[in-house]
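Notes follow the structure.
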Amino acid sequence: MAAANASPLKEICLSTIALTGSASGIGAATAQRLAAAGHRLIGIDLRNADVAVDLSTSEGRSQAVSAILERCGGALDALVLCAGLGAHVEPASTVAAVNYFGAVALLDGLLPALQKGQSPCAVVVSSVASTQLPWEKNPIGAALEAGDEARVAAVLAGAGPRAGHLAYAGSKNALTVAVRRRAADWGRAGVRLNTVAPGAVETPLLHGGLADPRYGQAIKDFVAPIARRARPDEVAAMIAYLIGPDAGFIHGAQFFVDGGVDAMMRPTQF
Ligand SMILES: NC(=O)c1ccc[n+]([C@@H]2O[C@H](COP(=O)([O-])OP(=O)(O)OC[C@H]3O[C@@H](n4cnc5c(N)ncnc54)[C@H](O)[C@@H]3O)[C@@H](O)[C@H]2O)c1
């Protein structure tokens with residue numbers, strides 16, 4: 001219990017949180033929400049961020065880990081991984097590089113710092129697309145899991161017009177699997193780890209897909225049971241909840257923020 005005359009500021013428990021994709025969309029909305037709650041943010045993005053790096057390259061990922069460690073002094077309370085590219089971006093190998101390797105490298109590189117944090121956790125933004133291509137049928141899953149970027153690029157280069165979809169759904173499927181595979185070790189290490197799987201969210205990434213003649217019509221035609229798209233802040237709210245003290249026993253789980261799409265598409269699988 002705080003003394004009656006203590007400053008209210010002293011009672012706020014400030015966390016240091018690193019967040020990728022901080023410059024736009026879901027990441028920007030999450031950064032804004034967490035900063036408004038008093039947390040200290042380290043934003044990572046290609047530009048307009050505390051740490052400007054390219055997560056599509058292994059050098060960029062190493063630079064990101066080093067810069068975050070330097071800024072947090074080796075102890076990180078939370079890590080939020082939002083950076084990602086849509087299926088319309090070319091080459092498709094870049095989509096897999098950012099969406100999968102750009103997340104997993106930071107998870108693994110920052111686990112020791114998270115272990116030194118207060119009530120530490122990580123939240124990874126996957127997608128409802130992670131369930132569209134099951135692990136057993138994911139043509140890039142094994143290569144992603146093995147860290148074989150050249151093999152991922154080769155498979156996608158031979159996939160013709162399906163490459164963008166395979167890169168996006170395949171990387172998000174493997175990303176959710178990567179989180180679930182880490183649940184046992186991370187739980188023992190005392191660091192919670194979960195994914196959020198959005199459906200369609202009004203962001204520049206979605207609008208890039210809508211403007212692409214290969215994907216635009218299919219995105220427009222696909223209507224969720226809750227017949228609208230999410231606002232970025234509706235996903236940010238779930239991320240903030242998962243970071244917070246009420247989520248202390250939530251670990252290794254995937255939370256859909258998709259207006260009911262997953263329940264509609266896979267009612268018997270959960
Ligand atoms: N918008 C949707 O409909 C939707 C649906 C499901 C999942 N998601 C996922 O949500 C996450 C956030 O996407 P968003 O919709 O907010 O998109 P967005 O384009 O608004 O934001 C993505 C951010 O990632 C950054 N980024 C991209 N490539 C990068 C790189 N090489 N290095 C560093 N940063 C890079 C971008 O600069 C951008 O700021 C992504 O992982 C995306 O796959 C989005």
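Within each chain, counting starts at residue 1; across the structure tokens, chains are named A, B, ... in the order shown, with ligands numbered 1 upward in that order.
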**Report entry** Test item: residues at most 8 Å from Tyr168 (chain A), only C-alpha atoms, excluding those fewer than 2 positions along its chain, as an MDAnalysis selection string
**Finding:** chainID A and resid 85:87 95:96 99 129 164:166 170:172
Requested in this report: Give the residue list for ligand 1 at 7 Å, counting only C-alpha atoms and all ligand atoms, as a PyMOL selection string, sorted by chain and then by residue number.
Outcome: chain A and resi 20-27+44-47+53-56+82-86+98-99+125-128+197-206+232
For C-alpha atoms, I'd like the residues from the last selection saved as an mmCIF file, in the first residue's frame.
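Contents of out_37.cif, as written:
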```cif
data_model
loop_
_atom_site.group_PDB
_atom_site.id
_atom_site.type_symbol
_atom_site.label_atom_id
_atom_site.label_comp_id
_atom_site.auth_asym_id
_atom_site.auth_seq_id
_atom_site.Cartn_x
_atom_site.Cartn_y
_atom_site.Cartn_z
ATOM 1 C CA THR A 20 8.230 -3.854 -34.423
ATOM 2 C CA GLY A 21 6.093 -2.322 -37.167
ATOM 3 C CA SER A 22 5.635 0.727 -34.942
ATOM 4 C CA ALA A 23 5.315 3.220 -37.810
ATOM 5 C CA SER A 24 1.981 2.085 -39.234
ATOM 6 C CA GLY A 25 -1.313 0.265 -38.810
ATOM 7 C CA ILE A 26 -1.695 -2.213 -35.931
ATOM 8 C CA GLY A 27 1.819 -1.509 -34.624
ATOM 9 C CA ILE A 44 11.375 -0.657 -34.622
ATOM 10 C CA ASP A 45 10.516 -0.140 -38.292
ATOM 11 C CA LEU A 46 12.039 0.616 -41.675
ATOM 12 C CA ARG A 47 11.722 4.348 -40.954
ATOM 13 C CA VAL A 53 16.253 -1.388 -39.628
ATOM 14 C CA ASP A 54 15.252 -3.735 -42.433
ATOM 15 C CA LEU A 55 13.916 -6.959 -40.892
ATOM 16 C CA SER A 56 13.938 -8.698 -44.286
ATOM 17 C CA CYS A 82 3.779 -6.483 -35.649
ATOM 18 C CA ALA A 83 6.064 -5.862 -38.648
ATOM 19 C CA GLY A 84 4.800 -7.678 -41.710
ATOM 20 C CA LEU A 85 4.119 -7.542 -45.432
ATOM 21 C CA GLY A 86 0.983 -8.537 -47.376
ATOM 22 C CA VAL A 98 9.836 -10.275 -42.801
ATOM 23 C CA ASN A 99 6.772 -12.175 -41.569
ATOM 24 C CA VAL A 125 0.913 -10.734 -34.650
ATOM 25 C CA SER A 126 0.144 -13.681 -36.911
ATOM 26 C CA SER A 127 -3.049 -13.769 -39.014
ATOM 27 C CA VAL A 128 -6.278 -15.677 -39.512
ATOM 28 C CA ALA A 197 -4.541 -13.538 -35.381
ATOM 29 C CA PRO A 198 -6.393 -10.635 -36.987
ATOM 30 C CA GLY A 199 -8.847 -10.878 -39.873
ATOM 31 C CA ALA A 200 -9.154 -7.896 -42.205
ATOM 32 C CA VAL A 201 -7.983 -4.688 -40.511
ATOM 33 C CA GLU A 202 -8.129 -1.198 -42.042
ATOM 34 C CA THR A 203 -4.409 -0.543 -42.554
ATOM 35 C CA PRO A 204 -2.067 0.302 -45.463
ATOM 36 C CA LEU A 205 -1.227 -3.423 -45.745
ATOM 37 C CA LEU A 206 -4.887 -4.312 -46.404
ATOM 38 C CA PRO A 232 -6.279 -1.185 -35.809
#
```
**Report entry** CA of Pro213 (chain A) to CA of Val89 (chain A), distance in Å rounded to a single decimal
**Finding:**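 A separation of 12.4 Å between them.
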**Report entry** Sel. of alpha helix (DSSP H) residues, region 14-176 of chain A, as a PyMOL selection string
**Finding:** chain A and resi 25-36+58-72+92-96+102-115+141-145+149-157+163-176
Query raised in the report: Which of these, A:Arg231, A:Lys116, A:Arg182, A:His88, has the shortest distance to Ala211 (chain A) once you count only C-alpha atoms?
Result: A:His88
Query raised in the report: Hey, what's within 9 Å of Gly248 (chain A) if we count only C-alpha atoms and toss same-chain stuff fewer than 6 positions away? As a PyMOL selection string, please?
Result: chain A and resi 119+192+242
Requested in this report: Mind checking which residues fall within 12 Å of Phe249 (chain A), counting only C-alpha atoms, ignoring those fewer than 6 positions away in the same chain, and posting them as a ChimeraX atom specification?
Outcome: /A:119,121,187,190-194,242-243
Query raised in the report: Which residue gives the smallest distance to Gly102 (chain A) among A:Gly60, A:Gly117, A:Gly260, A:Gly209, with only C-alpha atoms counted?
Result: A:Gly60
What are the closest atom pairs, with distances in Å to one decimal, for all residues of region 207-245 of chain A lying within 9 Å of region 252-259 of chain A? Consider only C-alpha atoms, order rows by chain and residue number, and present the result as CSV.
```
residue,atom,partner,partner_atom,distance
A:Ala224,CA,A:Gly259,CA,5.6
A:Pro225,CA,A:Gly259,CA,5.9
A:Ile226,CA,A:Gly259,CA,4.8
A:Ala227,CA,A:Gly259,CA,7.5
A:Arg228,CA,A:Gly259,CA,7.8
A:Arg229,CA,A:Gly259,CA,7.9
A:Ala230,CA,A:Asp258,CA,7.6
A:Glu234,CA,A:Val257,CA,7.9
A:Val235,CA,A:Val257,CA,6.5
A:Met238,CA,A:Val257,CA,7.9
```
Next, the residues of the selection above should be written as a short mmCIF file (atom, residue, chain, number, x, y, z; two decimals), in the first residue's frame with N, CA and C atoms.
```cif
data_model
loop_
_atom_site.label_atom_id
_atom_site.label_comp_id
_atom_site.auth_asym_id
_atom_site.auth_seq_id
_atom_site.Cartn_x
_atom_site.Cartn_y
_atom_site.Cartn_z
N ALA A 224 -16.70 -11.19 -43.29
CA ALA A 224 -16.70 -11.86 -41.99
C ALA A 224 -18.13 -11.90 -41.44
N PRO A 225 -18.42 -12.84 -40.50
CA PRO A 225 -19.74 -12.83 -39.86
C PRO A 225 -20.09 -11.46 -39.28
N ILE A 226 -19.13 -10.81 -38.64
CA ILE A 226 -19.33 -9.40 -38.27
C ILE A 226 -18.89 -8.61 -39.49
N ALA A 227 -19.87 -8.13 -40.25
CA ALA A 227 -19.63 -7.72 -41.65
C ALA A 227 -18.98 -6.35 -41.78
N ARG A 228 -17.77 -6.25 -41.25
CA ARG A 228 -16.97 -5.04 -41.44
C ARG A 228 -15.52 -5.41 -41.19
N ARG A 229 -14.64 -4.46 -41.43
CA ARG A 229 -13.22 -4.69 -41.11
C ARG A 229 -12.91 -4.11 -39.73
N ALA A 230 -11.86 -4.66 -39.11
CA ALA A 230 -11.49 -4.16 -37.78
C ALA A 230 -10.77 -2.82 -37.89
N GLU A 234 -8.68 -2.06 -32.38
CA GLU A 234 -9.36 -3.25 -31.83
C GLU A 234 -8.37 -4.41 -31.69
N VAL A 235 -7.35 -4.45 -32.54
CA VAL A 235 -6.29 -5.46 -32.40
C VAL A 235 -5.33 -5.03 -31.30
N MET A 238 -6.41 -6.08 -27.83
CA MET A 238 -6.11 -7.47 -27.47
C MET A 238 -4.63 -7.63 -27.11
#
```
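If you measure from each of A:Ala189, A:Ala167, A:Leu79, A:Ala52 to Pro91 (chain A) using only C-alpha atoms, the closest one turns out to be A:Ala167.
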**Report entry** Which residue of A:Pro112, A:Pro267, A:Gly43, A:Pro134 approaches Leu81 (chain A) most closely, using only C-alpha atoms
**Finding:**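 Among the listed residues, A:Gly43 lies closest to Leu81 (chain A).
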